[in-house]
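Have a look at structure.cif; it's mmCIF, C-alpha atoms:
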data_entry
loop_
_atom_site.label_atom_id
_atom_site.label_comp_id
_atom_site.auth_asym_id
_atom_site.auth_seq_id
_atom_site.Cartn_x
_atom_site.Cartn_y
_atom_site.Cartn_z
CA GLY A 144 243.66 -34.17 287.60
CA TYR A 145 242.00 -35.06 290.86
CA THR A 146 242.26 -31.58 292.36
CA ALA A 147 240.48 -29.96 289.42
CA LEU A 148 237.73 -32.58 289.34
CA ASN A 149 234.36 -30.96 290.00
CA MET A 150 231.38 -33.21 290.72
CA ASP A 151 228.97 -30.75 289.05
CA ASP A 152 231.02 -30.78 285.85
CA LEU A 153 231.34 -34.55 285.94
CA ALA A 154 227.58 -35.03 286.36
CA ASN A 155 226.96 -32.72 283.41
CA LEU A 156 229.59 -34.51 281.32
CA VAL A 157 227.99 -37.93 281.81
CA GLY A 158 224.47 -36.55 281.49
CA ILE A 159 223.10 -37.20 284.96
CA SER A 160 222.15 -35.02 287.89
CA LYS A 161 224.61 -34.34 290.66
CA ALA A 162 222.21 -36.10 293.07
CA THR A 163 222.30 -39.24 290.92
CA LEU A 164 226.09 -39.11 290.83
CA TYR A 165 226.18 -38.90 294.62
CA GLN A 166 223.87 -41.93 294.86
CA HIS A 167 226.63 -43.97 293.23
CA PHE A 168 229.63 -42.22 294.76
CA PRO A 169 229.05 -40.51 298.13
CA SER A 170 232.14 -38.34 297.71
CA LYS A 171 234.77 -37.24 295.24
CA GLY A 172 237.27 -39.34 297.18
CA GLU A 173 235.13 -42.46 296.88
CA LEU A 174 234.78 -41.88 293.15
CA ALA A 175 238.58 -41.64 292.85
CA VAL A 176 239.06 -44.81 294.91
CA GLN A 177 236.59 -46.71 292.71
CA VAL A 178 238.30 -45.50 289.51
CA LEU A 179 241.71 -46.45 290.90
CA MET A 180 240.45 -49.87 292.01
CA ARG A 181 238.99 -50.52 288.58
CA ALA A 182 242.31 -49.60 286.97
CA ILE A 183 244.22 -51.91 289.31
CA GLN A 184 241.77 -54.75 288.69
CA TYR A 185 242.21 -54.27 284.94
CA GLY A 186 245.98 -54.28 285.38
CA HIS A 187 245.78 -57.44 287.45
CA SER A 188 243.69 -59.13 284.77
CA GLN A 189 246.38 -58.19 282.24
CA LEU A 190 248.94 -60.13 284.29
CA GLN A 191 247.32 -63.31 283.05
CA THR A 192 248.08 -62.41 279.41
CA GLY A 193 250.97 -64.59 278.34
CA SER A 194 250.87 -66.74 281.48
CA GLN A 195 251.94 -69.75 279.39
CA LEU A 196 255.23 -68.01 278.54
CA PRO A 197 258.48 -68.44 280.48
CA PRO A 198 258.68 -66.13 283.55
CA LEU A 199 261.11 -63.58 282.07
CA GLU A 200 258.94 -63.23 278.97
CA GLN A 201 255.86 -62.80 281.17
CA LEU A 202 257.56 -60.00 283.11
CA GLU A 203 258.73 -58.38 279.89
CA GLY A 204 255.21 -58.41 278.43
CA ILE A 205 253.69 -57.01 281.61
CA LEU A 206 256.25 -54.20 281.63
CA GLN A 207 255.75 -53.43 277.94
CA ARG A 208 251.97 -53.17 278.27
CA GLY A 209 252.05 -51.41 281.62
CA ILE A 210 254.66 -48.80 280.78
CA ALA A 211 252.97 -48.03 277.46
CA HIS A 212 249.67 -47.55 279.30
CA ARG A 213 251.23 -45.36 282.01
CA ALA A 214 253.06 -43.30 279.38
CA LYS A 215 249.72 -42.31 277.85
CA ILE A 216 248.59 -41.07 281.24
CA TRP A 217 251.89 -39.28 281.88
CA MET A 218 251.64 -37.51 278.51
CA LEU A 219 248.51 -35.84 279.85
CA ARG A 220 250.57 -34.53 282.75
CA SER A 221 248.08 -36.01 285.17
CA THR A 222 248.64 -35.25 288.80
CA SER A 223 249.03 -37.77 291.54
CA LEU A 224 246.12 -38.75 293.70
CA PRO A 225 246.13 -37.60 297.33
CA PRO A 226 247.65 -40.03 299.86
CA ASP A 227 244.26 -40.89 301.40
CA ILE A 228 243.11 -42.22 298.01
CA ARG A 229 246.32 -44.15 297.30
CA GLU A 230 246.41 -45.54 300.84
CA ASP A 231 242.77 -46.64 300.93
CA PRO A 232 242.69 -50.20 302.35
CA ARG A 233 240.78 -51.48 299.31
CA VAL A 234 243.40 -50.07 296.95
CA LYS A 235 246.24 -51.45 299.07
CA LYS A 236 244.59 -54.89 299.07
CA LEU A 237 244.44 -54.90 295.26
CA HIS A 238 248.07 -53.80 295.04
CA SER A 239 248.99 -56.65 297.39
CA GLN A 240 247.19 -59.13 295.15
CA MET A 241 249.07 -57.85 292.11
CA ALA A 242 252.37 -58.03 294.00
CA ALA A 243 251.63 -61.63 294.98
CA THR A 244 251.03 -62.51 291.33
CA ILE A 245 254.33 -60.90 290.28
CA GLU A 246 256.05 -62.64 293.19
CA GLY A 247 254.77 -65.97 291.87
CA ILE A 248 256.18 -65.24 288.42
CA VAL A 249 259.55 -64.28 289.94
CA GLU A 250 259.63 -67.44 292.04
CA ALA A 251 258.82 -69.51 288.93
CA GLY A 252 261.75 -67.82 287.19
CA LYS A 253 264.03 -68.66 290.09
CA ALA A 254 262.81 -72.26 290.00
CA ASP A 255 263.47 -72.63 286.26
CA GLY A 256 266.87 -70.94 286.56
CA SER A 257 266.10 -67.89 284.42
CA ILE A 258 266.10 -65.45 287.38
CA SER A 259 269.03 -65.23 289.79
CA SER A 260 268.07 -67.16 292.89
CA HIS A 261 270.29 -65.09 295.18
CA LEU A 262 268.23 -61.92 294.58
CA SER A 263 265.46 -60.96 297.02
CA THR A 264 262.05 -61.64 295.48
CA LYS A 265 260.51 -58.85 297.60
CA VAL A 266 263.04 -56.32 296.25
CA ILE A 267 262.50 -57.49 292.66
CA VAL A 268 258.72 -57.09 293.07
CA ARG A 269 259.11 -53.62 294.63
CA MET A 270 261.44 -52.51 291.84
CA PHE A 271 259.05 -53.91 289.24
CA SER A 272 256.16 -51.99 290.81
CA SER A 273 258.16 -48.77 290.86
CA PHE A 274 258.05 -48.65 287.06
CA PHE A 275 254.37 -47.73 287.27
CA THR A 276 254.74 -44.81 289.68
CA PRO A 277 255.15 -41.16 288.64
CA HIS A 278 258.97 -41.34 288.95
CA TYR A 279 259.27 -41.26 285.16
CA GLN A 280 256.33 -38.94 284.43
CA ASP A 281 258.49 -35.89 283.71
CA LEU A 282 260.54 -37.78 281.12
CA ILE A 283 257.38 -38.42 279.12
CA SER A 284 255.36 -35.27 279.80
CA GLU A 285 258.35 -33.03 279.00
CA ARG A 286 259.17 -35.20 275.96
CA ILE A 287 262.72 -35.91 277.14
CA VAL A 288 262.32 -39.50 275.92
CA SER A 289 259.61 -41.21 273.93
CA PRO A 290 257.34 -43.71 275.65
CA GLU A 291 258.97 -46.44 273.56
CA GLU A 292 262.49 -45.39 274.58
CA LEU A 293 261.49 -45.25 278.24
CA GLY A 294 259.92 -48.69 278.07
CA GLU A 295 262.83 -50.30 276.22
CA THR A 296 265.37 -48.81 278.62
CA LEU A 297 263.55 -49.72 281.83
CA ILE A 298 262.76 -53.22 280.62
CA SER A 299 266.35 -53.84 279.54
CA ILE A 300 267.80 -52.56 282.83
CA PHE A 301 265.34 -54.61 284.86
CA LEU A 302 265.53 -57.89 282.96
CA ASP A 303 269.31 -57.73 282.53
CA GLY A 304 269.61 -57.10 286.25
CA ILE A 305 267.55 -60.09 287.40
CA ARG A 306 268.53 -62.57 284.68
CA ALA A 307 270.54 -65.53 285.90
CA THR A 308 274.02 -65.70 284.39
CA SER A 309 275.37 -68.93 283.03
#
Show me this structure written as structure tokens.
Amino acid sequence: GYTALNMDDLANLVGISKATLYQHFPSKGELAVQVLMRAIQYGHSQLQTGSQLPPLEQLEGILQRGIAHRAKIWMLRSTSLPPDIREDPRVKKLHSQMAATIEGIVEAGKADGSISSHLSTKVIVRMFSSFFTPHYQDLISERIVSPEELGETLISIFLDGIRATS
């Protein structure tokens, strides 16, 4: 995890000097921010996968891929990043961009009648985002449920909850 990360060990692992590492990343915190930003950018690029599908199917695919990816991380029992890393303005900006993309998908679902129009889009987006936080880490790392079972359950609860009823 972040706390155990040692810049000397990292430099040795990648085969460069510590001075060279610090030329690219002036601090351990900046390295963590850059890694987190890269992960968010990758996640945002994955939102485009299946963009030709109906909104509910897009959300389902995003959740399937995202939860499966997070489950791999949770299986390693990785620790959370410190608040100053998570709250970095660059990280928050990327999260806002992802939220705006999800918001657009939700609004498209409301427009086509597949998502209940009386539900708050902001709440749906926040709930959607919560599936990628460490709230479920213990279920995976302690092997209480399989990653597949977690994903299927969360996706079913979420999609059934926002789906428009006939």
Min atom-atom distance to Ser263 (chain A) from the set A:Gln240, A:Ile305, A:Leu202, A:Ile283, counting only C-alpha atoms, belongs to A:Ile305
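Using all atoms listed in the file, the nearest neighbour of Ile258 (chain A) within the list A:Ile216, A:Leu302, A:Ile287, A:Ile245 is A:Leu302.
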Which one of A:Leu262, A:Leu190, A:Leu153, A:Leu174 sits closest to Glu203 (chain A) if you count only C-alpha atoms?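 Closest to Glu203 (chain A), using only C-alpha atoms: A:Leu190.
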Considering all atoms listed in the file, state which residue in the set A:Arg208, A:His167, A:Lys253, A:Arg213 is at the smallest distance from Pro277 (chain A). A:Arg213
Pick out the closest residue to His212 (chain A) from this set: A:Phe271, A:Leu148, A:Gly186, A:Asp255. Count only C-alpha atoms.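 With only C-alpha atoms as the atom set, the closest residue is A:Gly186.
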If the PyMOL selection byres ((chain A and resi 246) around 12) is run on the structure shown, which residues does it catch, given as a PyMOL selection string? chain A and resi 190+198+202+239-245+247-253+258+263-272
Just give me the residues with any atom within 12 Å of (260.4, -48.7, 276.6), file coordinates, counting all atoms listed in the file, written as a PyMOL selection string. chain A and resi 203-214+274+279+282-283+288-301
How many Å separate CA of Ser259 (chain A) from CA of Arg306 (chain A)?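 These two atoms are separated by 5.8 Å.
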